[in-house]
Structure formats: C-alpha cells, structure tokens
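See below for the structure under consideration.
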Amino acid sequence: MRAVSIEPGKAGTLSLENVAEPDPAQGPILVRSLALGVCGTDRELIDGAFGESPQGRPRLVLGHESLGRVVESPPQSALRIGDVVVGIVRHPDPVPCVNCALGEWDMCRNGGYTERGIKQLDGFGAERWRSEEEFLVKVNPALGIAAVLLEPASVLAKAWEHIERIGRRARWAPQRVLVTGAGAVGLMAALMGMQRSLNVHVYDRNDAGPKPDLVRSLGAEYHTRFPAFEPDIVIECTGAPKVVVQAVTGSAPGSIVCLTGLGGGQQVASFDAAKLNQSMVLENRVVFGSVNANRRHYDAAAHALARADRDWLSRILTRKVRLDAFAGAYEEREGDVKTVITFED
Ligand SMILES: [Zn+2]
C-alpha cells in the first residue's frame with residue numbers, strides 16, 4: 001500500500017512510498033482511509049522543525065487528521081465493518097502520569113505521550129491503518145468527507161470545555177465571544193460559540209477568499225480589524241504574537257482568554273506586563289493555554305459536527321487533492337482554508 005512519509009528532523013524528505021501493510025500490533029481494527037486533513041503542523045514536520053519516527057525506523061508516516069472506513073473488526077468490538085471513524089491522535093505515556101492514567105492524555109504531565117503522525121507513532125496518511133478500538137471515534141456517515149474536520153474540532157471542544165469549567169468559578173453569563181483567526185480551527189471555535197447561542201465575532205486579516213462568507217453564513221460577525229469592544233471570551237487561534245497581545249490585553253473584566261495557536265515564532269511583540277498583571281488581578285481575568293484533546297472532547301466534537309450545517313462544513317474543505325498528487329496538498333495557496341488528501345474517487 002502507499003503512504004505519505006517523512007524523515008523527521010530533515011527538510012525535503014516528504015515522499016509517497018510503497019510500505020508494508022499496517023502492523024497488527026497497532027490494533028485489531030483495520031481502517032481504509034477516505035480522507036486526510038492537512039494543517040500547519042504537517043508543514044512544520046515537512047520542514048524538519050520537529051517530529052519523531054517510530055523506534056528503530058528512519059521514517060514517520062505523516063497525517064493526524066484522519067477519516068476512514070472500518071474494513072476489519074473483531075467480533076467482540078462495538079465497531080462494525082463499514083463504520084466511518086476518525087483516529088485519536090495522542091496516546092497516553094507508558095508510565096503513565098496521573099492524567100494519562102485517567103484517559104486525560106491531552107493533559108499529560110511528563111511529556112512522554114506519543115502522537116500519530118507526529119511523535120513516535122505512524123500517522124494516518126496511508127491507504128490503510130490499524131488502531132485499538134479505544135482510539136477510534138465513530139462519526140455520522142451523513143457528514144461525508146467533512147467528518148475529516150473532527151480532529152481540529154476536538155481541539156476546540158476541549159478549549160470550550162475548559163473555558164466553561166473556568167467560567168463556573170463564579171456566576172457565568174458570557175455574551176460576546178471573539179475568535180481570532182478564521183482558518184479551520186477558528187471556524188470550529190466560532191461554530192461551537194454559535195451552538196452555545198453566543199454573540200460570535202471573528203477577526204481575520206483576510207478580506208478576500210472564502211473566510212468572510214464562511215463566518216457570515218454561520219451567523220457570526222466578520223472583522224478585518226481587531227474589534228474595539230471587550231469580549232467576555234477570546235479564543236486565540238492564530239499564534240501570531242501581535243494578535244496574542246491584543247487578545248490578552250483587550251478582553252473584558254472577568255473574561256477568559258484561551259490561547260490555542262502556535263507559530264509566529266520569528267515575530268516579536270511586547271506589552272506592558274505590569275499593566276496586564278494589574279488588570280488580571282483587579283478584574284479577575286484568566287488567560288490559559290489549551291492543546292490536543294481526549295476521547296471526551298472527540299465525542300463532543302462529533303456531536304457539534306453532527307449538529308452543524310452540512311453544506312457549511314463541506315465549504316470549509318476548499319481543496320481536495322488525490323493521493324497521487326499529495327505534494328500539492330502541502331503547499332499553501334491563496335484561498336485555502338482546509339486542504340484534504342482523498343483516497344477514493
Ligand atoms: Zn502522561
């Protein structure tokens with residue numbers, strides 16, 4: 001079978017190669033790929049910024065945003081042949097730490113977790129892959145290929161869960177949400193804000209391309225300048241230092257700011273730490289970071305996607321690239337929101 005792989009830590013090693021069938025040690029459930037989402041993390045892996053191959057092997061199969069169909073499942077499994085599933089990216093560390101021991105591997109304390117397509121575990125960018133049942137999430141087949149958005153959505157389901165847990169420290173009645181960045185991650189944040197009946201605003205520097213329409217057809221407001229109002233909740237999805245500073249310093253008293261973005265490491269932005277400290281203390285403000293997701297968040301995300309407008313979801317998939325033309329999927333092009341590699345015609 002064919003798989004997209006890299007040699008981690010070395011730029012320019014991306015290739016599509018014939019590899020052995022998936023190792024049964026990866027789990028009893030065999031999945032045939034339908035689609036694979038591409039994101040900034042994949043591009044950083046391709047550039048050699050980070051990544052680790054499985055022990056004793058030079059190459060790592062890429063891909064962590066999966067969608068596939070079960071083709072082999074043992075009789076005792078609740079998953080049936082034909083079920084449409086998404087694979088969970090992170091697996092608990094082997095120690096395990098207190099969080100991983102409870103299935104909260106997204107909160108791993110010792111950094112020893114593994115991640116499919118990123119850290120020590122082959123990813124989902126292969127025609128077939130295997131998994132343990134506990135790392136598979138069933139999705140509504142009516143979503144079609146748009147169900148490939150489940151992994152990015154799971155990251156936002158976690159962010160929202162944590163925002164609400166923090167919010168319950170006192171009477172919690174948020175009204176305005178600001179999402180920074182209208183990529184797939186920001187759109188998932190906005191979708192979940194709308195599903196909570198909140199007043200959702202999305203800030204993104206693009207005034208052309210599909211993003212403004214995607215935001216507006218959700219019923220949210222689109223801004224190409226950082227809005228002047230003070231939101232009760234901010235979900236920062238760009239990782240751009242300048243936007244992070246605006247997000248952290250521009251929210252309302254009692255507000256919660258969740259940082260989910262990465263990247264922008266080369267840029268520098270400075271701010272007045274004393275002033276920030278003062279407003280955080282005097283106004284009970286919270287700034288926290290959130291990464292990854294556990295099974296509970298994948299389930300919540302599957303529910304959110306199932307409730308979303310199907311046509312809207314499919315419009316997020318702005319470019320579909322067949323596996324034989326895989327390299328083009330990793331290029332960033334004007335108007336891209338989410339690019340997917342497809343495995344079937
Ligand atoms: Zn752990």
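Starting from 1 in every chain, residues are counted up; chains themselves are A, B, ... following the order of the structure tokens, and ligands are numbered from 1 as listed.
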Residues within 7 Å of ligand 1, counting only C-alpha atoms and all ligand atoms, as an MDAnalysis selection string: chainID A and resid 92:93 96:100 105 108:113
Saved selection, atoms kept: N, CA and C atoms, as a PDB file, in the first residue's frame:
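File written: part28.pdb
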ATOM      1  N   PRO A  92      -1.604   7.763  25.535  1.00  0.00           N
ATOM      2  CA  PRO A  92      -1.022   8.042  26.849  1.00  0.00           C
ATOM      3  C   PRO A  92       0.450   7.635  26.952  1.00  0.00           C
ATOM      4  N   ASP A  93       1.158   8.319  27.835  1.00  0.00           N
ATOM      5  CA  ASP A  93       2.561   7.953  28.060  1.00  0.00           C
ATOM      6  C   ASP A  93       2.603   6.620  28.790  1.00  0.00           C
ATOM      7  N   PRO A  96       1.966   5.376  33.479  1.00  0.00           N
ATOM      8  CA  PRO A  96       1.564   6.672  32.946  1.00  0.00           C
ATOM      9  C   PRO A  96       1.517   7.714  34.058  1.00  0.00           C
ATOM     10  N   CYS A  97       1.474   8.994  33.639  1.00  0.00           N
ATOM     11  CA  CYS A  97       1.324  10.088  34.612  1.00  0.00           C
ATOM     12  C   CYS A  97      -0.113  10.089  35.144  1.00  0.00           C
ATOM     13  N   VAL A  98      -0.376  10.909  36.138  1.00  0.00           N
ATOM     14  CA  VAL A  98      -1.710  10.910  36.769  1.00  0.00           C
ATOM     15  C   VAL A  98      -2.816  11.198  35.764  1.00  0.00           C
ATOM     16  N   ASN A  99      -2.561  12.083  34.800  1.00  0.00           N
ATOM     17  CA  ASN A  99      -3.603  12.417  33.832  1.00  0.00           C
ATOM     18  C   ASN A  99      -3.791  11.315  32.792  1.00  0.00           C
ATOM     19  N   CYS A 100      -2.669  10.832  32.229  1.00  0.00           N
ATOM     20  CA  CYS A 100      -2.771   9.769  31.222  1.00  0.00           C
ATOM     21  C   CYS A 100      -3.447   8.533  31.813  1.00  0.00           C
ATOM     22  N   TRP A 105      -5.027  12.180  28.409  1.00  0.00           N
ATOM     23  CA  TRP A 105      -3.683  12.278  27.836  1.00  0.00           C
ATOM     24  C   TRP A 105      -3.414  13.647  27.220  1.00  0.00           C
ATOM     25  N   CYS A 108      -1.203  15.422  29.612  1.00  0.00           N
ATOM     26  CA  CYS A 108      -0.024  14.647  30.031  1.00  0.00           C
ATOM     27  C   CYS A 108       0.983  15.518  30.780  1.00  0.00           C
ATOM     28  N   ARG A 109       1.467  14.982  31.915  1.00  0.00           N
ATOM     29  CA  ARG A 109       2.331  15.779  32.786  1.00  0.00           C
ATOM     30  C   ARG A 109       3.814  15.549  32.532  1.00  0.00           C
ATOM     31  N   ASN A 110       4.176  14.419  31.924  1.00  0.00           N
ATOM     32  CA  ASN A 110       5.605  14.141  31.799  1.00  0.00           C
ATOM     33  C   ASN A 110       6.116  14.256  30.364  1.00  0.00           C
ATOM     34  N   GLY A 111       5.243  14.593  29.420  1.00  0.00           N
ATOM     35  CA  GLY A 111       5.680  14.778  28.036  1.00  0.00           C
ATOM     36  C   GLY A 111       6.024  13.486  27.319  1.00  0.00           C
ATOM     37  N   GLY A 112       5.751  12.338  27.974  1.00  0.00           N
ATOM     38  CA  GLY A 112       6.098  11.041  27.378  1.00  0.00           C
ATOM     39  C   GLY A 112       5.006  10.467  26.480  1.00  0.00           C
ATOM     40  N   TYR A 113       3.966  11.249  26.218  1.00  0.00           N
ATOM     41  CA  TYR A 113       2.890  10.790  25.330  1.00  0.00           C
ATOM     42  C   TYR A 113       3.443  10.572  23.920  1.00  0.00           C
TER      43      TYR A 113
END
Neighbour list for Val31 in chain A as JSON, numbers by chain, cut-off 8 Å, only C-alpha atoms, skip fewer than 4 positions in-chain: {"A": [68, 69, 70, 71, 72, 128, 129, 130, 131]}
Write to file, as an mmCIF file, in the first residue's frame, the residues of the selection just made, with C-alpha atoms.
data_model
loop_
_atom_site.group_PDB
_atom_site.id
_atom_site.type_symbol
_atom_site.label_atom_id
_atom_site.label_comp_id
_atom_site.auth_asym_id
_atom_site.auth_seq_id
_atom_site.Cartn_x
_atom_site.Cartn_y
_atom_site.Cartn_z
ATOM 1 C CA GLY A 68 -11.669 6.173 7.223
ATOM 2 C CA ARG A 69 -13.950 3.180 6.985
ATOM 3 C CA VAL A 70 -13.609 0.072 9.149
ATOM 4 C CA VAL A 71 -12.778 -2.953 6.991
ATOM 5 C CA GLU A 72 -11.775 -5.444 9.674
ATOM 6 C CA ARG A 128 -4.811 1.512 5.375
ATOM 7 C CA TRP A 129 -4.008 1.837 9.074
ATOM 8 C CA ARG A 130 -4.768 -0.019 12.278
ATOM 9 C CA SER A 131 -5.902 1.081 15.718
#
Quick one: everything within 7 Å of range 182-199 of chain A, counting only C-alpha atoms, minus sequence neighbours fewer than 5 positions away in the same chain. Send it as a tab-separated table (two decimals) with C-alpha atoms, in the first residue's frame.
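Wrote result15.tsv, looks like this:
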chain	number	residue	atom	x	y	z
A	152	PRO	CA	-9.37	20.05	14.60
A	153	ALA	CA	-12.89	20.30	16.07
A	156	LEU	CA	-11.84	23.37	20.15
A	175	GLN	CA	-22.38	37.20	25.81
A	176	ARG	CA	-19.68	38.16	23.35
A	177	VAL	CA	-17.03	35.81	22.01
A	204	ASP	CA	-9.00	37.70	10.48
A	211	LYS	CA	-13.33	33.14	5.06
A	218	LEU	CA	-22.61	30.87	10.33
A	237	CYS	CA	-6.29	30.71	17.03
A	304	ALA	CA	-21.04	19.51	17.27
A	316	ILE	CA	-14.50	24.55	4.65
A	337	VAL	CA	-8.99	27.02	4.39
A	338	LYS	CA	-8.68	23.25	4.75
Produce a table with one row for each residue of range 112-188 of chain A that has an atom at most 12 Å from any atom of range 34-50 of chain A, each row naming the nearest atom pair and its distance in Å at one decimal; use only C-alpha atoms; arrange rows by chain and rising residue number; format as JSON lines.
{"residue": "A:Arg116", "atom": "CA", "partner": "A:Asp42", "partner_atom": "CA", "distance": 11.6}
{"residue": "A:Gly117", "atom": "CA", "partner": "A:Asp42", "partner_atom": "CA", "distance": 8.5}
{"residue": "A:Ile118", "atom": "CA", "partner": "A:Leu45", "partner_atom": "CA", "distance": 7.5}
{"residue": "A:Lys119", "atom": "CA", "partner": "A:Phe50", "partner_atom": "CA", "distance": 8.7}
{"residue": "A:Gln120", "atom": "CA", "partner": "A:Phe50", "partner_atom": "CA", "distance": 11.4}
{"residue": "A:Gly123", "atom": "CA", "partner": "A:Leu36", "partner_atom": "CA", "distance": 10.0}
{"residue": "A:Phe124", "atom": "CA", "partner": "A:Leu36", "partner_atom": "CA", "distance": 7.2}
{"residue": "A:Gly125", "atom": "CA", "partner": "A:Leu36", "partner_atom": "CA", "distance": 6.5}
{"residue": "A:Ala126", "atom": "CA", "partner": "A:Leu36", "partner_atom": "CA", "distance": 9.1}
{"residue": "A:Glu127", "atom": "CA", "partner": "A:Leu34", "partner_atom": "CA", "distance": 8.2}
{"residue": "A:Arg128", "atom": "CA", "partner": "A:Leu34", "partner_atom": "CA", "distance": 9.4}
{"residue": "A:Trp129", "atom": "CA", "partner": "A:Leu34", "partner_atom": "CA", "distance": 11.2}
{"residue": "A:Pro141", "atom": "CA", "partner": "A:Leu34", "partner_atom": "CA", "distance": 11.5}
{"residue": "A:Gly144", "atom": "CA", "partner": "A:Leu34", "partner_atom": "CA", "distance": 9.5}
{"residue": "A:Ile145", "atom": "CA", "partner": "A:Ala35", "partner_atom": "CA", "distance": 6.7}
{"residue": "A:Ala146", "atom": "CA", "partner": "A:Ala35", "partner_atom": "CA", "distance": 9.1}
{"residue": "A:Ala147", "atom": "CA", "partner": "A:Ala35", "partner_atom": "CA", "distance": 9.0}
{"residue": "A:Val148", "atom": "CA", "partner": "A:Gly37", "partner_atom": "CA", "distance": 6.3}
{"residue": "A:Leu149", "atom": "CA", "partner": "A:Gly37", "partner_atom": "CA", "distance": 7.4}
{"residue": "A:Leu150", "atom": "CA", "partner": "A:Gly37", "partner_atom": "CA", "distance": 9.8}
{"residue": "A:Glu151", "atom": "CA", "partner": "A:Gly37", "partner_atom": "CA", "distance": 8.9}
{"residue": "A:Pro152", "atom": "CA", "partner": "A:Gly37", "partner_atom": "CA", "distance": 9.2}
{"residue": "A:Ala153", "atom": "CA", "partner": "A:Gly37", "partner_atom": "CA", "distance": 12.0}
{"residue": "A:Gly183", "atom": "CA", "partner": "A:Cys39", "partner_atom": "CA", "distance": 9.9}
{"residue": "A:Ala184", "atom": "CA", "partner": "A:Cys39", "partner_atom": "CA", "distance": 9.0}
{"residue": "A:Val185", "atom": "CA", "partner": "A:Cys39", "partner_atom": "CA", "distance": 9.8}
Computed interatomic separation between CA of Arg310 in chain A and CA of Val139 in chain A (Å): 13.3 Å
Just want the 12 Å neighbourhood of Asp106 in chain A, counted on only C-alpha atoms, with same-chain residues fewer than 5 positions away dropped. Output as an mmCIF file with C-alpha atoms, in the first residue's frame.
data_model
loop_
_atom_site.group_PDB
_atom_site.id
_atom_site.type_symbol
_atom_site.label_atom_id
_atom_site.label_comp_id
_atom_site.auth_asym_id
_atom_site.auth_seq_id
_atom_site.Cartn_x
_atom_site.Cartn_y
_atom_site.Cartn_z
ATOM 1 C CA ILE A 88 -7.421 9.800 18.074
ATOM 2 C CA VAL A 89 -4.002 11.435 17.701
ATOM 3 C CA ARG A 90 -2.437 11.326 21.159
ATOM 4 C CA HIS A 91 -1.843 8.146 23.135
ATOM 5 C CA PRO A 92 -1.022 8.042 26.849
ATOM 6 C CA ASP A 93 2.561 7.953 28.060
ATOM 7 C CA CYS A 97 1.324 10.088 34.612
ATOM 8 C CA VAL A 98 -1.710 10.910 36.769
ATOM 9 C CA ASN A 99 -3.603 12.417 33.832
ATOM 10 C CA CYS A 100 -2.771 9.769 31.222
ATOM 11 C CA ALA A 101 -3.782 7.079 33.749
ATOM 12 C CA GLY A 111 5.680 14.778 28.036
ATOM 13 C CA GLY A 112 6.098 11.041 27.378
ATOM 14 C CA TYR A 113 2.890 10.790 25.330
ATOM 15 C CA THR A 114 3.052 9.630 21.715
ATOM 16 C CA GLU A 115 1.125 11.087 18.778
ATOM 17 C CA SER A 154 -11.851 18.130 19.043
ATOM 18 C CA VAL A 155 -9.158 20.666 19.985
ATOM 19 C CA LYS A 158 -11.605 20.872 24.695
ATOM 20 C CA ALA A 159 -10.979 24.625 24.652
ATOM 21 C CA GLY A 289 -3.460 27.701 27.006
ATOM 22 C CA SER A 290 -5.082 24.597 25.547
ATOM 23 C CA VAL A 291 -3.753 21.848 23.304
ATOM 24 C CA ASN A 292 -4.875 18.490 21.964
ATOM 25 C CA ALA A 293 -7.982 16.563 23.075
ATOM 26 C CA ASN A 294 -9.026 13.379 24.825
ATOM 27 C CA ARG A 295 -11.821 10.988 23.960
ATOM 28 C CA ARG A 296 -14.480 13.060 25.725
ATOM 29 C CA HIS A 297 -13.587 16.027 23.502
ATOM 30 C CA TYR A 298 -13.688 13.953 20.298
#
